[in-house]
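Colleague: So I've got this file, my_file.tsv, and it contains TSV, C-alpha atoms and all ligand atoms:
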```tsv
chain	number	residue	atom	x	y	z
F	167	MET	CA	19.87	18.87	12.65
F	168	SER	CA	21.88	15.81	11.78
F	169	ILE	CA	24.67	16.37	9.32
F	170	PHE	CA	25.24	12.69	8.74
F	171	PHE	CA	24.49	10.81	5.54
F	172	PRO	CA	23.04	8.46	4.51
F	173	ARG	CA	19.81	9.28	6.24
F	174	VAL	CA	16.17	8.37	6.12
F	175	VAL	CA	13.92	11.40	6.07
F	176	ILE	CA	10.60	10.53	7.66
F	177	ASN	CA	7.43	12.48	6.89
F	178	LEU	CA	5.12	11.90	9.84
F	179	ASP	CA	2.26	13.84	8.22
F	180	SER	CA	2.23	11.43	5.29
F	181	ILE	CA	2.37	8.44	7.64
F	182	ALA	CA	-0.56	9.95	9.58
F	183	TYR	CA	-2.43	10.38	6.30
F	184	ASN	CA	-1.84	6.75	5.26
F	185	THR	CA	-2.88	5.52	8.70
F	186	GLN	CA	-6.14	7.48	8.54
F	187	LYS	CA	-6.97	6.19	5.06
F	188	ILE	CA	-6.34	2.56	5.96
F	189	ALA	CA	-8.14	2.89	9.31
F	190	GLU	CA	-11.13	4.35	7.48
F	191	ILE	CA	-11.45	1.39	5.09
F	192	CYS	CA	-10.90	-1.13	7.89
F	193	HIS	CA	-13.28	0.42	10.38
F	194	SER	CA	-16.06	0.90	7.84
F	195	ASN	CA	-15.83	-2.86	7.28
F	196	ASP	CA	-15.85	-3.66	11.03
F	197	ILE	CA	-12.18	-4.62	10.94
F	198	GLU	CA	-9.77	-3.93	13.79
F	199	LEU	CA	-6.49	-2.44	12.55
F	200	VAL	CA	-3.15	-3.52	14.00
F	201	GLY	CA	-0.40	-1.10	12.93
F	202	VAL	CA	2.78	-3.06	12.29
F	203	THR	CA	6.00	-1.29	13.28
F	204	LYS	CA	8.73	-3.84	12.46
F	205	LEU	CA	9.60	-2.17	9.16
F	206	ALA	CA	10.61	0.96	11.09
F	207	LEU	CA	12.49	-0.78	13.94
F	208	ALA	CA	9.49	0.16	16.12
F	209	ASN	CA	10.37	3.83	15.87
F	210	PRO	CA	8.38	5.34	18.77
F	211	GLU	CA	7.43	8.56	16.91
F	212	ILE	CA	6.09	6.58	13.95
F	213	ALA	CA	4.26	4.17	16.27
F	214	ARG	CA	2.70	7.07	18.19
F	215	VAL	CA	1.49	8.67	14.96
F	216	MET	CA	-0.08	5.36	13.90
F	217	ARG	CA	-1.82	4.98	17.24
F	218	LYS	CA	-3.10	8.59	17.19
F	219	ASN	CA	-4.49	8.30	13.68
F	220	GLY	CA	-6.70	5.27	13.90
F	221	VAL	CA	-4.66	2.16	14.56
F	222	ASP	CA	-6.34	0.09	17.31
F	223	LYS	CA	-3.25	-1.88	18.35
F	224	LEU	CA	0.45	-2.03	17.56
F	225	GLY	CA	2.07	-5.19	16.27
F	226	ASP	CA	5.68	-6.20	15.92
F	227	SER	CA	7.50	-9.41	15.11
F	228	ARG	CA	10.31	-8.72	17.57
F	229	LEU	CA	9.77	-8.79	21.30
F	230	LYS	CA	12.63	-6.29	21.70
F	231	ASN	CA	10.63	-3.85	19.59
F	232	ILE	CA	7.54	-4.33	21.73
F	233	ILE	CA	9.58	-3.65	24.86
F	234	LYS	CA	10.97	-0.55	23.13
F	235	LEU	CA	7.43	0.72	22.47
F	236	TYR	CA	6.50	0.04	26.07
F	237	GLU	CA	9.58	1.80	27.44
F	238	ASN	CA	8.90	4.83	25.26
F	239	ASN	CA	5.34	5.04	26.60
F	240	VAL	CA	3.73	4.41	23.24
F	241	PRO	CA	0.18	3.30	24.06
F	242	GLY	CA	-0.64	-0.34	23.26
F	243	PRO	CA	-2.21	-2.85	23.24
F	244	TYR	CA	0.66	-4.78	21.67
F	245	GLN	CA	0.50	-7.81	19.45
F	246	LEU	CA	3.51	-10.11	19.05
F	247	LEU	CA	3.51	-11.16	15.41
F	248	ARG	CA	6.23	-13.73	15.09
F	249	ILE	CA	5.35	-17.10	16.56
F	250	PRO	CA	7.39	-16.85	19.75
F	251	MET	CA	10.45	-18.74	20.88
F	252	ILE	CA	9.84	-20.75	24.06
F	253	SER	CA	12.83	-18.92	25.56
F	254	GLU	CA	11.18	-15.51	25.17
F	255	LEU	CA	7.76	-16.46	26.49
F	256	PRO	CA	8.15	-15.11	30.04
F	257	LEU	CA	8.88	-11.64	28.63
F	258	ALA	CA	6.37	-12.05	25.82
F	259	VAL	CA	3.58	-12.71	28.29
F	260	LYS	CA	4.72	-9.79	30.40
F	261	TYR	CA	4.80	-7.22	27.57
F	262	ALA	CA	2.43	-8.42	24.86
F	263	ASP	CA	-1.36	-8.41	25.04
F	264	GLU	CA	-1.97	-10.66	22.06
F	265	ILE	CA	0.36	-13.38	20.75
F	266	LEU	CA	0.19	-15.24	17.44
F	267	ILE	CA	1.18	-18.89	17.82
F	268	SER	CA	1.17	-22.10	15.79
F	269	MET	CA	2.22	-24.91	18.13
F	270	PRO	CA	0.43	-26.67	20.99
F	271	GLU	CA	3.65	-26.70	23.09
F	272	THR	CA	3.84	-22.92	22.84
F	273	ALA	CA	0.20	-22.56	23.89
F	274	TYR	CA	0.72	-24.75	26.96
F	275	GLU	CA	3.87	-22.89	27.99
F	276	ILE	CA	2.06	-19.54	27.63
F	277	ASP	CA	-0.76	-20.95	29.72
F	278	LYS	CA	1.66	-21.97	32.48
F	279	ILE	CA	3.29	-18.52	32.54
F	280	VAL	CA	-0.05	-16.71	32.47
F	281	GLY	CA	-1.01	-18.78	35.53
F	282	GLU	CA	2.22	-17.83	37.32
F	283	LEU	CA	2.30	-14.14	36.39
F	284	GLN	CA	-1.43	-13.59	36.75
F	285	LYS	CA	-1.27	-11.46	33.63
F	286	ASN	CA	-3.68	-12.37	30.93
F	287	VAL	CA	-2.70	-12.67	27.30
F	288	GLN	CA	-4.83	-13.44	24.30
F	289	ILE	CA	-3.83	-16.16	21.90
F	290	ILE	CA	-4.45	-16.17	18.17
F	291	TYR	CA	-3.77	-19.52	16.54
F	292	MET	CA	-2.28	-19.23	13.07
F	293	ILE	CA	-3.50	-21.39	10.21
F	294	ASP	CA	-1.51	-21.95	7.02
F	295	VAL	CA	-3.88	-21.65	4.07
F	296	GLY	CA	-1.11	-22.24	1.53
F	297	ASP	CA	1.73	-19.70	1.82
F	298	LEU	CA	3.93	-22.21	3.69
F	299	ARG	CA	5.16	-19.87	6.38
F	300	GLU	CA	3.73	-20.24	9.91
F	301	GLY	CA	0.50	-21.91	10.94
F	302	VAL	CA	-1.08	-25.31	11.41
F	303	TRP	CA	-1.83	-26.77	7.96
F	304	TYR	CA	-5.51	-26.02	7.24
F	305	GLU	CA	-6.46	-29.68	6.88
F	306	HIS	CA	-5.79	-30.42	10.56
F	307	ALA	CA	-6.49	-26.98	11.99
F	308	ILE	CA	-9.87	-27.72	13.57
F	309	SER	CA	-8.82	-30.77	15.58
F	310	GLU	CA	-5.50	-29.24	16.72
F	311	ILE	CA	-6.95	-25.88	17.77
F	312	TYR	CA	-9.96	-27.46	19.51
F	313	GLU	CA	-7.67	-29.79	21.46
F	314	VAL	CA	-5.38	-26.90	22.49
F	315	SER	CA	-8.23	-24.67	23.58
F	316	LYS	CA	-9.63	-27.46	25.80
F	317	GLN	CA	-6.30	-27.75	27.62
F	318	LEU	CA	-5.87	-24.03	28.39
F	319	LYS	CA	-6.58	-23.17	32.02
F	320	PHE	CA	-5.52	-19.51	32.24
F	321	ALA	CA	-4.78	-18.07	28.79
F	322	ARG	CA	-7.60	-17.62	26.33
F	323	LEU	CA	-7.72	-18.59	22.71
F	324	VAL	CA	-9.50	-15.58	21.24
F	325	GLY	CA	-9.12	-16.14	17.56
F	326	ILE	CA	-7.52	-17.65	14.52
F	327	GLY	CA	-5.37	-15.98	11.92
F	328	THR	CA	-3.46	-16.46	8.75
F	329	ASN	CA	-0.59	-14.96	6.90
F	330	VAL	CA	-0.20	-14.88	3.13
F	331	GLY	CA	2.14	-13.22	0.68
F	332	CYS	CA	5.28	-13.66	2.76
F	333	TYR	CA	7.09	-16.89	1.99
F	334	GLY	CA	5.28	-18.49	-0.91
F	335	GLY	CA	3.95	-15.19	-2.24
F	336	VAL	CA	0.43	-16.68	-2.10
F	337	LEU	CA	-2.17	-13.95	-2.68
F	338	PRO	CA	-5.29	-13.58	-0.54
F	339	THR	CA	-8.35	-14.80	-2.45
F	340	LYS	CA	-12.01	-15.49	-1.78
F	341	GLU	CA	-11.10	-19.19	-1.65
F	342	ASN	CA	-8.40	-19.02	1.02
F	343	MET	CA	-10.29	-16.41	3.07
F	344	ASN	CA	-13.45	-18.56	2.96
F	345	MET	CA	-11.38	-21.55	4.03
F	346	LEU	CA	-10.36	-19.60	7.13
F	347	LEU	CA	-13.95	-18.58	7.79
F	348	SER	CA	-15.29	-22.11	7.52
F	349	ILE	CA	-12.65	-23.27	10.04
F	350	LYS	CA	-13.80	-20.43	12.31
F	351	ASN	CA	-17.45	-21.52	12.00
F	352	GLU	CA	-16.66	-25.14	12.82
F	353	LEU	CA	-14.52	-24.15	15.78
F	354	GLU	CA	-17.14	-21.76	17.14
F	355	LYS	CA	-19.67	-24.62	17.15
F	356	LEU	CA	-17.26	-26.78	19.13
F	357	LEU	CA	-16.13	-24.04	21.52
F	358	GLY	CA	-19.41	-22.25	22.05
F	359	TYR	CA	-17.98	-18.75	21.80
F	360	GLU	CA	-17.10	-16.30	19.03
F	361	LEU	CA	-13.63	-16.15	17.52
F	362	LYS	CA	-11.75	-13.25	16.07
F	363	VAL	CA	-10.31	-13.74	12.56
F	364	SER	CA	-7.00	-12.01	11.89
F	365	GLY	CA	-6.84	-12.41	8.16
F	366	GLY	CA	-5.21	-9.51	6.44
F	367	SER	CA	-2.06	-7.54	5.85
F	368	THR	CA	-1.16	-4.87	3.30
F	369	VAL	CA	-1.75	-7.21	0.35
F	370	THR	CA	-5.34	-7.91	1.53
F	371	LEU	CA	-6.32	-4.22	1.33
F	372	LYS	CA	-6.98	-4.80	-2.38
F	373	MET	CA	-9.84	-7.18	-1.55
F	374	LEU	CA	-11.35	-4.58	0.78
F	375	GLU	CA	-11.10	-1.91	-1.92
F	376	GLU	CA	-12.83	-4.20	-4.41
F	377	GLY	CA	-15.44	-5.34	-1.91
F	378	SER	CA	-14.41	-8.96	-2.43
F	379	LEU	CA	-13.32	-9.79	1.11
F	380	PRO	CA	-15.76	-12.29	2.65
F	381	LYS	CA	-17.59	-10.95	5.74
F	382	GLY	CA	-16.16	-12.22	9.00
F	383	ILE	CA	-12.47	-11.35	8.69
F	384	ASN	CA	-12.23	-8.79	11.48
F	385	GLN	CA	-8.58	-7.98	12.08
F	386	PHE	CA	-5.91	-6.68	9.67
F	387	ARG	CA	-2.22	-6.35	10.54
F	388	VAL	CA	-0.78	-3.64	8.29
F	389	GLY	CA	2.75	-2.27	8.15
F	390	GLU	CA	3.97	-1.65	4.61
F	391	GLY	CA	0.84	0.17	3.44
F	392	ILE	CA	1.05	2.65	6.30
F	393	ILE	CA	4.79	3.25	6.29
F	394	LEU	CA	5.57	3.10	2.55
F	395	GLY	CA	2.20	3.41	0.80
F	396	THR	CA	3.15	0.38	-1.30
F	397	ASP	CA	2.21	-3.29	-1.57
F	398	ALA	CA	5.24	-5.45	-2.43
F	399	THR	CA	3.32	-8.72	-2.84
F	400	GLY	CA	0.60	-7.07	-4.92
F	401	ASP	CA	3.35	-5.16	-6.76
F	402	ARG	CA	1.77	-1.69	-6.66
F	403	ASP	CA	1.84	1.79	-5.23
F	404	ILE	CA	-1.47	1.96	-3.36
F	405	PRO	CA	-3.19	4.74	-5.31
F	406	TYR	CA	-4.98	6.50	-2.44
F	407	LEU	CA	-1.88	6.52	-0.17
F	408	LYS	CA	1.26	8.67	-0.06
F	409	GLN	CA	4.66	7.29	-1.00
F	410	ASP	CA	6.79	10.23	0.20
F	411	THR	CA	6.72	8.85	3.74
F	412	VAL	CA	10.33	7.70	4.03
F	413	ILE	CA	13.03	8.90	1.65
F	414	LEU	CA	16.67	7.88	1.62
F	415	GLU	CA	19.28	10.59	1.08
F	416	ALA	CA	22.89	9.75	0.24
F	417	GLU	CA	25.93	11.79	-0.74
F	418	VAL	CA	28.04	11.67	-3.90
F	419	VAL	CA	31.72	10.97	-3.17
F	420	GLU	CA	33.09	10.38	-6.67
F	421	VAL	CA	32.10	11.49	-10.15
F	422	ASP	CA	33.96	9.79	-12.96
F	423	TYR	CA	33.99	8.46	-16.48
F	424	LYS	CA	35.03	4.81	-16.77
F	425	PRO	CA	34.56	1.72	-18.95
F	426	SER	CA	31.40	-0.34	-18.30
F	427	VAL	CA	33.36	-3.58	-18.07
F	428	PRO	CA	36.11	-4.17	-15.48
F	429	VAL	CA	39.71	-4.51	-16.67
F	430	GLY	CA	41.60	-7.62	-15.48
F	431	GLU	CA	40.86	-11.21	-14.56
F	432	LEU	CA	37.44	-11.58	-12.89
F	433	GLY	CA	36.62	-13.40	-9.65
F	434	LYS	CA	33.54	-12.91	-7.51
F	435	ASP	CA	32.54	-9.66	-5.82
F	436	ALA	CA	32.89	-8.97	-2.10
F	437	PHE	CA	29.67	-10.93	-1.40
F	438	GLY	CA	30.56	-14.00	-3.48
F	439	ARG	CA	28.30	-12.88	-6.30
F	440	THR	CA	29.24	-12.80	-9.96
F	441	PRO	CA	28.21	-9.40	-11.27
F	442	HIS	CA	27.07	-9.11	-14.84
F	443	PHE	CA	28.57	-6.43	-17.09
F	444	GLU	CA	27.27	-5.22	-20.40
F	445	ASP	CA	29.82	-3.44	-22.59
F	446	LYS	CA	28.41	0.01	-23.33
F	447	GLY	CA	31.78	1.68	-23.70
F	448	TYR	CA	32.77	4.53	-21.41
F	449	ARG	CA	30.01	5.71	-19.07
F	450	LYS	CA	29.42	8.62	-16.69
F	451	ARG	CA	29.16	7.18	-13.21
F	452	ILE	CA	28.89	8.39	-9.67
F	453	ILE	CA	29.70	6.73	-6.38
F	454	LEU	CA	27.48	7.33	-3.34
F	455	ALA	CA	28.59	6.76	0.23
F	456	VAL	CA	25.97	4.10	0.93
F	457	GLY	CA	26.13	0.33	0.56
F	458	GLU	CA	24.97	-3.10	1.66
F	459	GLN	CA	25.47	-2.15	5.32
F	460	ASP	CA	22.88	0.60	4.97
F	461	VAL	CA	20.36	-0.44	2.34
F	462	LYS	CA	19.35	-3.15	-0.09
F	463	PRO	CA	20.83	-1.52	-3.20
F	464	ASP	CA	18.50	-3.18	-5.70
F	465	GLY	CA	15.57	-1.78	-3.70
F	466	LEU	CA	16.64	1.85	-4.12
F	467	ILE	CA	14.35	3.73	-6.49
F	468	PRO	CA	16.02	6.94	-7.74
F	469	PHE	CA	13.86	10.07	-8.10
F	470	ASP	CA	15.63	10.62	-11.42
F	471	LYS	CA	14.32	7.84	-13.69
F	472	ASN	CA	17.38	8.10	-15.94
F	473	MET	CA	19.74	6.90	-13.22
F	474	LYS	CA	20.69	3.25	-13.31
F	475	VAL	CA	21.83	1.68	-10.04
F	476	LEU	CA	24.60	-0.68	-11.14
F	477	HIS	CA	26.00	-2.43	-8.11
F	478	ALA	CA	27.08	-1.91	-4.54
F	479	SER	CA	29.66	-3.21	-2.12
F	480	SER	CA	29.42	-2.84	1.66
F	481	ASP	CA	29.98	0.91	1.54
F	482	HIS	CA	29.89	2.15	-2.07
F	483	LEU	CA	26.95	2.40	-4.46
F	484	ILE	CA	27.66	2.87	-8.14
F	485	ILE	CA	25.14	4.54	-10.43
F	486	ASP	CA	25.31	5.03	-14.18
F	487	VAL	CA	24.23	8.63	-14.84
F	488	THR	CA	25.11	8.87	-18.54
F	489	ASP	CA	21.44	9.33	-19.49
F	490	CYS	CA	20.74	12.02	-16.89
F	491	ASP	CA	20.25	15.62	-17.98
F	492	ARG	CA	21.99	17.25	-15.04
F	493	GLU	CA	25.61	17.40	-13.95
F	494	PHE	CA	26.79	15.75	-10.72
F	495	HIS	CA	29.34	17.00	-8.24
F	496	VAL	CA	31.02	15.58	-5.18
F	497	GLY	CA	28.91	16.62	-2.19
F	498	ASP	CA	25.55	16.43	-4.00
F	499	ILE	CA	22.76	14.78	-2.01
F	500	LEU	CA	20.54	12.38	-3.95
F	501	LYS	CA	17.09	11.11	-2.99
F	502	PHE	CA	15.55	7.67	-3.34
F	503	ARG	CA	12.36	5.88	-2.55
F	504	MET	CA	12.82	2.41	-1.11
F	505	SER	CA	11.32	-1.05	-1.53
F	506	TYR	CA	10.11	-2.93	1.56
F	507	GLY	CA	13.37	-4.86	1.95
F	508	CYS	CA	15.47	-1.77	1.39
F	509	ALA	CA	13.57	0.33	3.93
F	510	LEU	CA	13.75	-2.52	6.46
F	511	ARG	CA	17.52	-2.52	6.19
F	512	ALA	CA	17.81	1.27	6.28
F	513	PHE	CA	15.76	1.48	9.49
F	514	THR	CA	17.75	-1.36	11.01
F	515	SER	CA	21.19	-0.03	10.11
F	516	PRO	CA	22.95	2.03	12.79
F	517	TYR	CA	24.80	3.84	9.97
F	518	VAL	CA	21.63	5.41	8.60
F	519	GLU	CA	20.47	8.53	10.44
F	520	LYS	CA	16.76	8.94	11.02
F	521	LEU	CA	15.46	12.45	10.58
F	522	PHE	CA	11.93	13.84	10.74
F	523	VAL	CA	10.66	16.41	8.26
F	524	VAL	CA	9.39	19.43	10.16
W	601	LIG	C1	5.04	-8.27	8.99
W	601	LIG	C2	3.77	-8.94	9.30
W	601	LIG	C3	2.56	-8.33	8.96
W	601	LIG	C4	2.49	-6.99	8.25
W	601	LIG	O1	2.72	-7.16	6.89
W	601	LIG	P1	2.73	-5.88	5.89
W	601	LIG	O2	2.89	-6.50	4.56
W	601	LIG	O3	3.88	-5.03	6.29
W	601	LIG	O4	1.43	-5.19	6.04
W	601	LIG	C5	1.40	-8.98	9.30
W	601	LIG	N1	1.41	-10.17	9.93
W	601	LIG	C6	2.55	-10.79	10.28
W	601	LIG	C7	2.49	-12.09	10.99
W	601	LIG	C8	3.78	-10.19	9.98
W	601	LIG	O5	4.92	-10.81	10.32
```
Step by step, read the file and then write its structure as structure tokens.

Modeller:
Amino acid sequence: MSIFFPRVVINLDSIAYNTQKIAEICHSNDIELVGVTKLALANPEIARVMRKNGVDKLGDSRLKNIIKLYENNVPGPYQLLRIPMISELPLAVKYADEILISMPETAYEIDKIVGELQKNVQIIYMIDVGDLREGVWYEHAISEIYEVSKQLKFARLVGIGTNVGCYGGVLPTKENMNMLLSIKNELEKLLGYELKVSGGSTVTLKMLEEGSLPKGINQFRVGEGIILGTDATGDRDIPYLKQDTVILEAEVVEVDYKPSVPVGELGKDAFGRTPHFEDKGYRKRIILAVGEQDVKPDGLIPFDKNMKVLHASSDHLIIDVTDCDREFHVGDILKFRMSYGCALRAFTSPYVEKLFVV
């Protein structure tokens, strides 16, 4: 067992449980479920659990992660989520089975490579319905996608997709989902074949639960719901999922009693930020050996609700524990849940050990 802290303790049973629950809702609505692994740095054990418990495909935004899944013999198919760089297309075509794109140039380059490599790849064309991240703007989606599909000789345009809740924080609604479906209907008339509609992510699960998702959306790409049991954009713990899936543990390295306001002339902190201090007199505080290089400190959620995470530098996290009932000692290990951004950093940081609950 690893003796290093900080560490992320991963509960594969809970991740399996979340996968099954989400797969159940998706499949009973005729929706294919892509399990998104980017939050967990495409951890092969987590990916395998997803695939064994109902996920139909694995998706990741990073080609390196997809190659990692492949090299660890995690069964695909694999979907490349981030609209690809031209420079990575030869490898993307080699390793991915489905690629999300948003530019004609990218489609033509994929087509050329598919012709050369004789390896087929399916293309999903992204449409921006308002969130302002990737996708052709919905007003010119039909003409652009029809034109592109006519030019493809080897690769096949199998569907359209959209992404919400990521840049603009736009929520999925009946209106924007119907917009996507009406584009699909028009395109199908022009193309003469059926298109897949990749319309959902964690935040769209709510519409499925409420029965308000228009019929016809038939692929969801879900990461956060499976791995954390939360929905950052919808701002909720998903009630029928588990949230004890990944827990951060960090060690106390100092216990002290100090003023709440620094003494001396104030500049900026190590990250160029100006921290805010409220004078509450002397406070009981602890320092944990974890910092910006390991986690996103404001995304740490202490198990003990009376702890107040104050601030962190690269390597030190300071918590006000004046209101806590218990005593703290150097060497104590404390547990936290994590927000999406915090977990992303913890999985990505080489300083954070990854340990599975057995
Ligand atoms: C990350 C990502 C997802 C998954 O989003 P979650 O909120 O983690 O479910 C879906 N689609 C795309 C394009 C992504 O980049």

Colleague: I want to know what sits within 6 Å of range 214-225 of chain F, based on only C-alpha atoms, with residues of the same chain fewer than 3 positions away left out; could you give that as a PDB file with C-alpha atoms, in the coordinates of the input?

Modeller:
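The result, stored in out_8.pdb:
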```pdb
ATOM      1  CA  ALA F 182      -0.560   9.950   9.580  1.00  0.00           C
ATOM      2  CA  THR F 185      -2.880   5.520   8.700  1.00  0.00           C
ATOM      3  CA  GLN F 186      -6.140   7.480   8.540  1.00  0.00           C
ATOM      4  CA  ALA F 189      -8.140   2.890   9.310  1.00  0.00           C
ATOM      5  CA  LEU F 199      -6.490  -2.440  12.550  1.00  0.00           C
ATOM      6  CA  VAL F 200      -3.150  -3.520  14.000  1.00  0.00           C
ATOM      7  CA  GLY F 201      -0.400  -1.100  12.930  1.00  0.00           C
ATOM      8  CA  VAL F 202       2.780  -3.060  12.290  1.00  0.00           C
ATOM      9  CA  PRO F 210       8.380   5.340  18.770  1.00  0.00           C
ATOM     10  CA  GLU F 211       7.430   8.560  16.910  1.00  0.00           C
ATOM     11  CA  VAL F 240       3.730   4.410  23.240  1.00  0.00           C
ATOM     12  CA  GLY F 242      -0.640  -0.340  23.260  1.00  0.00           C
ATOM     13  CA  PRO F 243      -2.210  -2.850  23.240  1.00  0.00           C
ATOM     14  CA  TYR F 244       0.660  -4.780  21.670  1.00  0.00           C
ATOM     15  CA  GLN F 245       0.500  -7.810  19.450  1.00  0.00           C
ATOM     16  CA  LEU F 246       3.510 -10.110  19.050  1.00  0.00           C
TER      17      LEU F 246
END
```

Colleague: To check your reading of the model: which residues sit at most 9 Å from ligand LIG 601 (chain W) when counting only C-alpha atoms and all ligand atoms? Write the answer as a ChimeraX atom specification.

Modeller: /F:200-205,225-227,246-249,266,292,300,327-332,364-370,386-393,397-399,506

Colleague: Would you list the contacts of range 412-415 of chain F as a PyMOL selection string, taking every protein, DNA or RNA residue within 6 Å and counting all atoms listed in the file, but skipping same-chain residues closer than 6 positions in sequence?

Modeller: chain F and resi 172-176+500-503

Colleague: Per residue of range 212-308 of chain F within 10 Å of range 346-363 of chain F, which atom pair is closest and at what distance in Å (one decimal), using only C-alpha atoms, listed by chain and increasing number, as CSV?

Modeller:
```
residue,atom,partner,partner_atom,distance
F:Ile290,CA,F:Lys362,CA,8.1
F:Tyr291,CA,F:Val363,CA,9.6
F:Met292,CA,F:Val363,CA,9.7
F:Ile293,CA,F:Leu346,CA,7.7
F:Asp294,CA,F:Leu346,CA,9.2
F:Val295,CA,F:Leu346,CA,7.5
F:Tyr304,CA,F:Leu346,CA,8.0
F:Glu305,CA,F:Ile349,CA,9.5
F:His306,CA,F:Ile349,CA,9.9
F:Ala307,CA,F:Ile349,CA,7.5
F:Ile308,CA,F:Leu353,CA,6.3
```

Colleague: Produce a file of the selected residues containing C-alpha atoms, as a compact mmCIF listing (two decimals), keeping the file's coordinate frame.

Modeller:
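Okay, result-v7.txt is ready:
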```
# COMPACT_ATOMS: atom_id res chain seq x y z
CA ILE F 290 -4.45 -16.17 18.17
CA TYR F 291 -3.77 -19.52 16.54
CA MET F 292 -2.28 -19.23 13.07
CA ILE F 293 -3.50 -21.39 10.21
CA ASP F 294 -1.51 -21.95 7.02
CA VAL F 295 -3.88 -21.65 4.07
CA TYR F 304 -5.51 -26.02 7.24
CA GLU F 305 -6.46 -29.68 6.88
CA HIS F 306 -5.79 -30.42 10.56
CA ALA F 307 -6.49 -26.98 11.99
CA ILE F 308 -9.87 -27.72 13.57
```

Colleague: Restricting the calculation to all atoms listed in the file, which member of F:Ser480, F:Asn342, F:Asn384, F:Ser426 is positioned closest to Glu198 in chain F?

Modeller: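 Counting all atoms listed in the file, the residue closest to Glu198 in chain F is F:Asn384.
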
Colleague: Tell me, as a ChimeraX atom specification, which residues lie within 10 Å of Glu254 in chain F, counting only C-alpha atoms; anything in the same chain fewer than 4 positions away does not count.

Modeller: /F:229-230,250,258-259

Colleague: Kindly add N, CA and C atoms to the incomplete range 238-250 of chain F and provide the output as a short mmCIF file (atom, residue, chain, number, x, y, z; two decimals), in the coordinates of the input.

Modeller:
```
data_model
loop_
_atom_site.label_atom_id
_atom_site.label_comp_id
_atom_site.auth_asym_id
_atom_site.auth_seq_id
_atom_site.Cartn_x
_atom_site.Cartn_y
_atom_site.Cartn_z
N ASN F 238 9.05 3.46 25.75
CA ASN F 238 8.90 4.83 25.26
C ASN F 238 7.48 5.35 25.46
N ASN F 239 6.71 4.63 26.29
CA ASN F 239 5.34 5.04 26.60
C ASN F 239 4.44 5.20 25.39
N VAL F 240 4.66 4.40 24.37
CA VAL F 240 3.73 4.41 23.24
C VAL F 240 2.54 3.54 23.65
N PRO F 241 1.33 4.08 23.59
CA PRO F 241 0.18 3.30 24.06
C PRO F 241 -0.06 2.04 23.23
N GLY F 242 -0.32 0.93 23.90
CA GLY F 242 -0.64 -0.34 23.26
C GLY F 242 -2.11 -0.37 22.95
N PRO F 243 -2.77 -1.52 22.98
CA PRO F 243 -2.21 -2.85 23.24
C PRO F 243 -1.19 -3.27 22.18
N TYR F 244 -0.38 -4.27 22.56
CA TYR F 244 0.66 -4.78 21.67
C TYR F 244 0.39 -6.22 21.25
N GLN F 245 0.64 -6.46 19.98
CA GLN F 245 0.50 -7.81 19.45
C GLN F 245 1.88 -8.33 19.01
N LEU F 246 2.24 -9.51 19.48
CA LEU F 246 3.51 -10.11 19.05
C LEU F 246 3.24 -10.96 17.82
N LEU F 247 3.86 -10.56 16.70
CA LEU F 247 3.51 -11.16 15.41
C LEU F 247 4.24 -12.45 15.08
N ARG F 248 5.51 -12.50 15.44
CA ARG F 248 6.23 -13.73 15.09
C ARG F 248 5.93 -14.79 16.13
N ILE F 249 5.59 -15.99 15.64
CA ILE F 249 5.35 -17.10 16.56
C ILE F 249 6.54 -17.17 17.50
N PRO F 250 6.29 -17.10 18.82
CA PRO F 250 7.39 -16.85 19.75
C PRO F 250 8.29 -18.05 20.00
#
```
